[in-house]
file my_file-v3.pdb (PDB, N, CA and C atoms, pLDDT in the B column)
ATOM      1  N   MET A  27      -5.628   4.481   0.212  1.00 47.00           N
ATOM      2  CA  MET A  27      -6.444   5.304   1.080  1.00 47.00           C
ATOM      3  C   MET A  27      -5.510   6.019   2.042  1.00 47.00           C
ATOM      4  N   LYS A  28      -5.527   7.326   2.015  1.00 53.00           N
ATOM      5  CA  LYS A  28      -4.671   8.109   2.889  1.00 53.00           C
ATOM      6  C   LYS A  28      -5.482   8.562   4.095  1.00 53.00           C
ATOM      7  N   SER A  29      -5.133   8.034   5.252  1.00 53.00           N
ATOM      8  CA  SER A  29      -5.837   8.399   6.458  1.00 53.00           C
ATOM      9  C   SER A  29      -4.962   8.103   7.654  1.00 53.00           C
ATOM     10  N   ASN A  30      -5.033   8.959   8.660  1.00 65.00           N
ATOM     11  CA  ASN A  30      -4.266   8.733   9.877  1.00 65.00           C
ATOM     12  C   ASN A  30      -5.084   8.001  10.925  1.00 65.00           C
ATOM     13  N   SER A  31      -6.379   7.799  10.668  1.00 73.00           N
ATOM     14  CA  SER A  31      -7.212   7.118  11.642  1.00 73.00           C
ATOM     15  C   SER A  31      -7.626   5.749  11.102  1.00 73.00           C
ATOM     16  N   ILE A  32      -7.742   4.817  12.008  1.00 77.00           N
ATOM     17  CA  ILE A  32      -8.160   3.467  11.650  1.00 77.00           C
ATOM     18  C   ILE A  32      -9.558   3.274  12.222  1.00 77.00           C
ATOM     19  N   PRO A  33     -10.527   2.910  11.382  1.00 81.00           N
ATOM     20  CA  PRO A  33     -11.890   2.753  11.890  1.00 81.00           C
ATOM     21  C   PRO A  33     -11.988   1.625  12.914  1.00 81.00           C
ATOM     22  N   ALA A  34     -12.907   1.777  13.825  1.00 86.00           N
ATOM     23  CA  ALA A  34     -13.143   0.737  14.827  1.00 86.00           C
ATOM     24  C   ALA A  34     -13.520  -0.556  14.116  1.00 86.00           C
ATOM     25  N   GLY A  35     -12.978  -1.650  14.580  1.00 85.00           N
ATOM     26  CA  GLY A  35     -13.281  -2.944  13.997  1.00 85.00           C
ATOM     27  C   GLY A  35     -12.494  -3.265  12.739  1.00 85.00           C
ATOM     28  N   ALA A  36     -11.524  -2.426  12.385  1.00 88.00           N
ATOM     29  CA  ALA A  36     -10.718  -2.684  11.190  1.00 88.00           C
ATOM     30  C   ALA A  36      -9.937  -3.976  11.366  1.00 88.00           C
ATOM     31  N   ARG A  37      -9.866  -4.763  10.301  1.00 92.00           N
ATOM     32  CA  ARG A  37      -9.130  -6.020  10.341  1.00 92.00           C
ATOM     33  C   ARG A  37      -7.739  -5.829   9.757  1.00 92.00           C
ATOM     34  N   ALA A  38      -6.758  -6.412  10.405  1.00 94.00           N
ATOM     35  CA  ALA A  38      -5.385  -6.408   9.923  1.00 94.00           C
ATOM     36  C   ALA A  38      -5.096  -7.775   9.323  1.00 94.00           C
ATOM     37  N   LEU A  39      -4.653  -7.792   8.073  1.00 96.00           N
ATOM     38  CA  LEU A  39      -4.363  -9.039   7.381  1.00 96.00           C
ATOM     39  C   LEU A  39      -2.864  -9.213   7.224  1.00 96.00           C
ATOM     40  N   SER A  40      -2.390 -10.419   7.436  1.00 96.00           N
ATOM     41  CA  SER A  40      -0.991 -10.718   7.168  1.00 96.00           C
ATOM     42  C   SER A  40      -0.749 -10.553   5.671  1.00 96.00           C
ATOM     43  N   ILE A  41       0.507 -10.478   5.286  1.00 97.00           N
ATOM     44  CA  ILE A  41       0.842 -10.356   3.869  1.00 97.00           C
ATOM     45  C   ILE A  41       0.291 -11.571   3.110  1.00 97.00           C
ATOM     46  N   LYS A  42       0.393 -12.743   3.690  1.00 97.00           N
ATOM     47  CA  LYS A  42      -0.123 -13.966   3.068  1.00 97.00           C
ATOM     48  C   LYS A  42      -1.631 -13.868   2.871  1.00 97.00           C
ATOM     49  N   ASP A  43      -2.354 -13.431   3.900  1.00 97.00           N
ATOM     50  CA  ASP A  43      -3.810 -13.317   3.799  1.00 97.00           C
ATOM     51  C   ASP A  43      -4.218 -12.217   2.823  1.00 97.00           C
ATOM     52  N   ALA A  44      -3.440 -11.148   2.760  1.00 96.00           N
ATOM     53  CA  ALA A  44      -3.721 -10.076   1.805  1.00 96.00           C
ATOM     54  C   ALA A  44      -3.572 -10.604   0.378  1.00 96.00           C
ATOM     55  N   GLY A  45      -2.549 -11.397   0.144  1.00 96.00           N
ATOM     56  CA  GLY A  45      -2.369 -11.995  -1.177  1.00 96.00           C
ATOM     57  C   GLY A  45      -3.523 -12.913  -1.535  1.00 96.00           C
ATOM     58  N   ALA A  46      -3.970 -13.702  -0.552  1.00 96.00           N
ATOM     59  CA  ALA A  46      -5.089 -14.616  -0.788  1.00 96.00           C
ATOM     60  C   ALA A  46      -6.356 -13.851  -1.150  1.00 96.00           C
ATOM     61  N   LYS A  47      -6.525 -12.668  -0.611  1.00 93.00           N
ATOM     62  CA  LYS A  47      -7.699 -11.838  -0.911  1.00 93.00           C
ATOM     63  C   LYS A  47      -7.764 -11.516  -2.412  1.00 93.00           C
ATOM     64  N   PHE A  48      -6.581 -11.390  -3.032  1.00 92.00           N
ATOM     65  CA  PHE A  48      -6.503 -11.089  -4.460  1.00 92.00           C
ATOM     66  C   PHE A  48      -6.255 -12.337  -5.309  1.00 92.00           C
ATOM     67  N   GLY A  49      -6.170 -13.493  -4.657  1.00 94.00           N
ATOM     68  CA  GLY A  49      -5.876 -14.715  -5.394  1.00 94.00           C
ATOM     69  C   GLY A  49      -4.429 -14.774  -5.833  1.00 94.00           C
ATOM     70  N   ARG A  50      -3.554 -14.140  -5.079  1.00 95.00           N
ATOM     71  CA  ARG A  50      -2.124 -14.064  -5.398  1.00 95.00           C
ATOM     72  C   ARG A  50      -1.314 -14.492  -4.193  1.00 95.00           C
ATOM     73  N   GLY A  51       0.003 -14.470  -4.340  1.00 96.00           N
ATOM     74  CA  GLY A  51       0.888 -14.869  -3.256  1.00 96.00           C
ATOM     75  C   GLY A  51       1.580 -13.689  -2.593  1.00 96.00           C
ATOM     76  N   LYS A  52       2.427 -14.014  -1.622  1.00 96.00           N
ATOM     77  CA  LYS A  52       3.141 -12.982  -0.870  1.00 96.00           C
ATOM     78  C   LYS A  52       4.068 -12.163  -1.766  1.00 96.00           C
ATOM     79  N   THR A  53       4.712 -12.817  -2.727  1.00 97.00           N
ATOM     80  CA  THR A  53       5.639 -12.108  -3.613  1.00 97.00           C
ATOM     81  C   THR A  53       4.918 -11.027  -4.402  1.00 97.00           C
ATOM     82  N   TRP A  54       3.709 -11.338  -4.868  1.00 96.00           N
ATOM     83  CA  TRP A  54       2.920 -10.360  -5.612  1.00 96.00           C
ATOM     84  C   TRP A  54       2.604  -9.146  -4.735  1.00 96.00           C
ATOM     85  N   VAL A  55       2.225  -9.410  -3.466  1.00 97.00           N
ATOM     86  CA  VAL A  55       1.891  -8.320  -2.549  1.00 97.00           C
ATOM     87  C   VAL A  55       3.111  -7.432  -2.332  1.00 97.00           C
ATOM     88  N   TRP A  56       4.268  -8.030  -2.055  1.00 97.00           N
ATOM     89  CA  TRP A  56       5.474  -7.226  -1.833  1.00 97.00           C
ATOM     90  C   TRP A  56       5.859  -6.439  -3.087  1.00 97.00           C
ATOM     91  N   ASP A  57       5.647  -7.022  -4.269  1.00 96.00           N
ATOM     92  CA  ASP A  57       5.916  -6.313  -5.513  1.00 96.00           C
ATOM     93  C   ASP A  57       5.000  -5.099  -5.649  1.00 96.00           C
ATOM     94  N   LYS A  58       3.709  -5.273  -5.316  1.00 96.00           N
ATOM     95  CA  LYS A  58       2.776  -4.143  -5.373  1.00 96.00           C
ATOM     96  C   LYS A  58       3.177  -3.049  -4.376  1.00 96.00           C
ATOM     97  N   ILE A  59       3.568  -3.458  -3.164  1.00 96.00           N
ATOM     98  CA  ILE A  59       3.979  -2.483  -2.153  1.00 96.00           C
ATOM     99  C   ILE A  59       5.183  -1.690  -2.647  1.00 96.00           C
ATOM    100  N   LYS A  60       6.117  -2.384  -3.263  1.00 96.00           N
ATOM    101  CA  LYS A  60       7.356  -1.745  -3.718  1.00 96.00           C
ATOM    102  C   LYS A  60       7.153  -0.874  -4.962  1.00 96.00           C
ATOM    103  N   ASN A  61       6.292  -1.320  -5.901  1.00 95.00           N
ATOM    104  CA  ASN A  61       6.237  -0.680  -7.217  1.00 95.00           C
ATOM    105  C   ASN A  61       4.955   0.074  -7.550  1.00 95.00           C
ATOM    106  N   ASP A  62       3.910  -0.078  -6.761  1.00 94.00           N
ATOM    107  CA  ASP A  62       2.636   0.582  -7.076  1.00 94.00           C
ATOM    108  C   ASP A  62       2.311   1.595  -5.981  1.00 94.00           C
ATOM    109  N   PRO A  63       2.461   2.884  -6.271  1.00 94.00           N
ATOM    110  CA  PRO A  63       2.215   3.898  -5.233  1.00 94.00           C
ATOM    111  C   PRO A  63       0.757   3.975  -4.785  1.00 94.00           C
ATOM    112  N   THR A  64      -0.162   3.379  -5.545  1.00 93.00           N
ATOM    113  CA  THR A  64      -1.576   3.407  -5.145  1.00 93.00           C
ATOM    114  C   THR A  64      -1.934   2.243  -4.231  1.00 93.00           C
ATOM    115  N   PHE A  65      -1.046   1.273  -4.093  1.00 95.00           N
ATOM    116  CA  PHE A  65      -1.325   0.112  -3.244  1.00 95.00           C
ATOM    117  C   PHE A  65      -1.134   0.502  -1.781  1.00 95.00           C
ATOM    118  N   PRO A  66      -1.995   0.015  -0.892  1.00 96.00           N
ATOM    119  CA  PRO A  66      -1.868   0.382   0.528  1.00 96.00           C
ATOM    120  C   PRO A  66      -0.504   0.018   1.117  1.00 96.00           C
ATOM    121  N   ARG A  67      -0.040   0.851   2.012  1.00 96.00           N
ATOM    122  CA  ARG A  67       1.239   0.633   2.705  1.00 96.00           C
ATOM    123  C   ARG A  67       1.011  -0.262   3.915  1.00 96.00           C
ATOM    124  N   PRO A  68       1.989  -1.104   4.230  1.00 96.00           N
ATOM    125  CA  PRO A  68       1.844  -1.949   5.416  1.00 96.00           C
ATOM    126  C   PRO A  68       1.972  -1.151   6.712  1.00 96.00           C
ATOM    127  N   VAL A  69       1.360  -1.684   7.740  1.00 93.00           N
ATOM    128  CA  VAL A  69       1.483  -1.168   9.105  1.00 93.00           C
ATOM    129  C   VAL A  69       2.307  -2.210   9.849  1.00 93.00           C
ATOM    130  N   TYR A  70       3.311  -1.776  10.574  1.00 93.00           N
ATOM    131  CA  TYR A  70       4.172  -2.720  11.284  1.00 93.00           C
ATOM    132  C   TYR A  70       3.755  -2.806  12.741  1.00 93.00           C
ATOM    133  N   LEU A  71       3.358  -4.005  13.141  1.00 91.00           N
ATOM    134  CA  LEU A  71       2.995  -4.254  14.531  1.00 91.00           C
ATOM    135  C   LEU A  71       4.245  -4.528  15.363  1.00 91.00           C
ATOM    136  N   GLY A  72       5.330  -4.790  14.695  1.00 92.00           N
ATOM    137  CA  GLY A  72       6.630  -5.045  15.296  1.00 92.00           C
ATOM    138  C   GLY A  72       7.657  -4.986  14.185  1.00 92.00           C
ATOM    139  N   PRO A  73       8.932  -5.156  14.495  1.00 93.00           N
ATOM    140  CA  PRO A  73       9.971  -5.032  13.462  1.00 93.00           C
ATOM    141  C   PRO A  73       9.818  -6.018  12.303  1.00 93.00           C
ATOM    142  N   LYS A  74       9.226  -7.159  12.567  1.00 93.00           N
ATOM    143  CA  LYS A  74       9.056  -8.166  11.514  1.00 93.00           C
ATOM    144  C   LYS A  74       7.613  -8.630  11.418  1.00 93.00           C
ATOM    145  N   ALA A  75       6.683  -7.720  11.663  1.00 94.00           N
ATOM    146  CA  ALA A  75       5.260  -8.083  11.662  1.00 94.00           C
ATOM    147  C   ALA A  75       4.432  -7.084  10.854  1.00 94.00           C
ATOM    148  N   PRO A  76       4.619  -7.077   9.502  1.00 96.00           N
ATOM    149  CA  PRO A  76       3.805  -6.174   8.689  1.00 96.00           C
ATOM    150  C   PRO A  76       2.403  -6.732   8.479  1.00 96.00           C
ATOM    151  N   VAL A  77       1.424  -5.854   8.475  1.00 96.00           N
ATOM    152  CA  VAL A  77       0.045  -6.218   8.151  1.00 96.00           C
ATOM    153  C   VAL A  77      -0.516  -5.152   7.216  1.00 96.00           C
ATOM    154  N   LEU A  78      -1.557  -5.521   6.507  1.00 96.00           N
ATOM    155  CA  LEU A  78      -2.274  -4.575   5.666  1.00 96.00           C
ATOM    156  C   LEU A  78      -3.694  -4.470   6.199  1.00 96.00           C
ATOM    157  N   LEU A  79      -4.244  -3.280   6.169  1.00 96.00           N
ATOM    158  CA  LEU A  79      -5.596  -3.063   6.675  1.00 96.00           C
ATOM    159  C   LEU A  79      -6.603  -3.438   5.592  1.00 96.00           C
ATOM    160  N   GLU A  80      -7.535  -4.296   5.981  1.00 95.00           N
ATOM    161  CA  GLU A  80      -8.468  -4.851   5.002  1.00 95.00           C
ATOM    162  C   GLU A  80      -9.304  -3.769   4.322  1.00 95.00           C
ATOM    163  N   HIS A  81      -9.726  -2.746   5.047  1.00 94.00           N
ATOM    164  CA  HIS A  81     -10.559  -1.715   4.413  1.00 94.00           C
ATOM    165  C   HIS A  81      -9.764  -0.933   3.354  1.00 94.00           C
ATOM    166  N   GLU A  82      -8.446  -0.802   3.534  1.00 95.00           N
ATOM    167  CA  GLU A  82      -7.624  -0.146   2.517  1.00 95.00           C
ATOM    168  C   GLU A  82      -7.471  -1.036   1.288  1.00 95.00           C
ATOM    169  N   LEU A  83      -7.343  -2.334   1.499  1.00 96.00           N
ATOM    170  CA  LEU A  83      -7.285  -3.273   0.369  1.00 96.00           C
ATOM    171  C   LEU A  83      -8.606  -3.266  -0.386  1.00 96.00           C
ATOM    172  N   ASP A  84      -9.725  -3.204   0.343  1.00 94.00           N
ATOM    173  CA  ASP A  84     -11.041  -3.148  -0.298  1.00 94.00           C
ATOM    174  C   ASP A  84     -11.178  -1.891  -1.157  1.00 94.00           C
ATOM    175  N   ALA A  85     -10.703  -0.763  -0.646  1.00 94.00           N
ATOM    176  CA  ALA A  85     -10.769   0.488  -1.396  1.00 94.00           C
ATOM    177  C   ALA A  85      -9.892   0.416  -2.652  1.00 94.00           C
ATOM    178  N   PHE A  86      -8.713  -0.191  -2.528  1.00 94.00           N
ATOM    179  CA  PHE A  86      -7.825  -0.366  -3.677  1.00 94.00           C
ATOM    180  C   PHE A  86      -8.510  -1.224  -4.746  1.00 94.00           C
ATOM    181  N   LEU A  87      -9.101  -2.330  -4.316  1.00 92.00           N
ATOM    182  CA  LEU A  87      -9.789  -3.226  -5.245  1.00 92.00           C
ATOM    183  C   LEU A  87     -10.977  -2.528  -5.907  1.00 92.00           C
ATOM    184  N   ALA A  88     -11.727  -1.763  -5.147  1.00 93.00           N
ATOM    185  CA  ALA A  88     -12.863  -1.020  -5.715  1.00 93.00           C
ATOM    186  C   ALA A  88     -12.381  -0.041  -6.780  1.00 93.00           C
ATOM    187  N   GLY A  89     -11.244   0.599  -6.548  1.00 91.00           N
ATOM    188  CA  GLY A  89     -10.676   1.506  -7.545  1.00 91.00           C
ATOM    189  C   GLY A  89     -10.293   0.778  -8.822  1.00 91.00           C
ATOM    190  N   LEU A  90      -9.745  -0.433  -8.692  1.00 87.00           N
ATOM    191  CA  LEU A  90      -9.409  -1.225  -9.873  1.00 87.00           C
ATOM    192  C   LEU A  90     -10.662  -1.568 -10.665  1.00 87.00           C
ATOM    193  N   VAL A  91     -11.708  -1.934  -9.957  1.00 88.00           N
ATOM    194  CA  VAL A  91     -12.966  -2.299 -10.619  1.00 88.00           C
ATOM    195  C   VAL A  91     -13.543  -1.082 -11.337  1.00 88.00           C
ATOM    196  N   ARG A  92     -13.582   0.064 -10.639  1.00 86.00           N
ATOM    197  CA  ARG A  92     -14.112   1.289 -11.264  1.00 86.00           C
ATOM    198  C   ARG A  92     -13.309   1.647 -12.504  1.00 86.00           C
ATOM    199  N   ASN A  93     -11.994   1.655 -12.403  1.00 84.00           N
ATOM    200  CA  ASN A  93     -11.154   2.032 -13.542  1.00 84.00           C
ATOM    201  C   ASN A  93     -11.245   1.017 -14.666  1.00 84.00           C
ATOM    202  N   GLY A  94     -11.304  -0.259 -14.314  1.00 79.00           N
ATOM    203  CA  GLY A  94     -11.414  -1.299 -15.334  1.00 79.00           C
ATOM    204  C   GLY A  94     -12.711  -1.209 -16.102  1.00 79.00           C
ATOM    205  N   ARG A  95     -13.796  -0.958 -15.414  1.00 67.00           N
ATOM    206  CA  ARG A  95     -15.094  -0.839 -16.084  1.00 67.00           C
ATOM    207  C   ARG A  95     -15.135   0.410 -16.950  1.00 67.00           C
ATOM    208  N   ARG A  96     -14.530   1.487 -16.462  1.00 65.00           N
ATOM    209  CA  ARG A  96     -14.489   2.725 -17.249  1.00 65.00           C
ATOM    210  C   ARG A  96     -13.655   2.500 -18.513  1.00 65.00           C
ATOM    211  N   ASP A  97     -12.492   1.842 -18.374  1.00 62.00           N
ATOM    212  CA  ASP A  97     -11.634   1.581 -19.524  1.00 62.00           C
ATOM    213  C   ASP A  97     -12.309   0.654 -20.520  1.00 62.00           C
ATOM    214  N   ASN A  98     -12.980  -0.385 -20.028  1.00 54.00           N
ATOM    215  CA  ASN A  98     -13.665  -1.331 -20.916  1.00 54.00           C
ATOM    216  C   ASN A  98     -14.817  -0.665 -21.646  1.00 54.00           C
ATOM    217  N   ALA A  99     -15.525   0.241 -20.994  1.00 52.00           N
ATOM    218  CA  ALA A  99     -16.647   0.928 -21.640  1.00 52.00           C
ATOM    219  C   ALA A  99     -16.143   1.807 -22.794  1.00 52.00           C
ATOM    220  N   ALA A 100     -14.985   2.413 -22.610  1.00 53.00           N
ATOM    221  CA  ALA A 100     -14.428   3.272 -23.644  1.00 53.00           C
ATOM    222  C   ALA A 100     -13.962   2.461 -24.859  1.00 53.00           C
ATOM    223  N   GLN A 101     -13.600   1.201 -24.635  1.00 53.00           N
ATOM    224  CA  GLN A 101     -13.075   0.368 -25.716  1.00 53.00           C
ATOM    225  C   GLN A 101     -14.150  -0.457 -26.415  1.00 53.00           C
ATOM    226  N   THR A 102     -15.337  -0.493 -25.874  1.00 53.00           N
ATOM    227  CA  THR A 102     -16.404  -1.300 -26.459  1.00 53.00           C
ATOM    228  C   THR A 102     -16.908  -0.626 -27.734  1.00 53.00           C
ATOM    229  N   PRO A 103     -16.901  -1.369 -28.852  1.00 55.00           N
ATOM    230  CA  PRO A 103     -17.386  -0.763 -30.102  1.00 55.00           C
ATOM    231  C   PRO A 103     -18.901  -0.562 -30.044  1.00 55.00           C
ATOM    232  N   PRO A 104     -19.403   0.426 -30.733  1.00 55.00           N
ATOM    233  CA  PRO A 104     -20.847   0.677 -30.724  1.00 55.00           C
ATOM    234  C   PRO A 104     -21.602  -0.496 -31.367  1.00 55.00           C
ATOM    235  N   ALA A 105     -22.804  -0.734 -30.863  1.00 57.00           N
ATOM    236  CA  ALA A 105     -23.657  -1.795 -31.417  1.00 57.00           C
ATOM    237  C   ALA A 105     -24.170  -1.374 -32.783  1.00 57.00           C
ATOM    238  N   ILE A 106     -24.262  -2.334 -33.669  1.00 59.00           N
ATOM    239  CA  ILE A 106     -24.719  -2.021 -35.040  1.00 59.00           C
ATOM    240  C   ILE A 106     -26.185  -2.415 -35.172  1.00 59.00           C
TER     241      ILE A 106
END

call {"tool": "encode", "arguments": {"input": "my_file-v3.pdb", "output": "structure tokens"}}
result
Amino acid sequence: MKSNSIPAGARALSIKDAGAKFGRGKTWVWDKIKNDPTFPRPVYLGPKAPVLLEHELDAFLAGLVRNGRRDNAAQTPPAI
């Protein structure tokens, strides 16, 4: 999600908590940040305090669901 404004009430998740949201660990999150340009970028609250915004993670996950369902529908053989 590309935006310069943060909605009121937005939650900031630690890298660990962001990984837990996806059922993954911190290493997976850092790998996504480094290698997936569609994954949300961290916001640094300090030099060693990265967080991810929960609404951006939700939007990323929704995109995965939309694309996955679209891809699965295209691969489903017709009913006989």

call {"tool": "resolve_selection", "arguments": {"input": "my_file-v3.pdb", "expression": "the PyMOL selection byres ((chain A and resi 65-78) around 5)", "output": "VMD selection string"}}
result
chain A and resid 38 to 40 62 to 64 79 to 80

call {"tool": "atom_distance", "arguments": {"input": "my_file-v3.pdb", "atom1": "atom C of Gly45 (chain A)", "atom2": "atom C of Ser31 (chain A)"}}
result
22.9 Å

call {"tool": "select_by_dssp", "arguments": {"input": "my_file-v3.pdb", "residues": "chain A", "states": "strand (DSSP E or B)", "output": "number ranges by chain"}}
result
A: 38-40, 69-70, 76-79
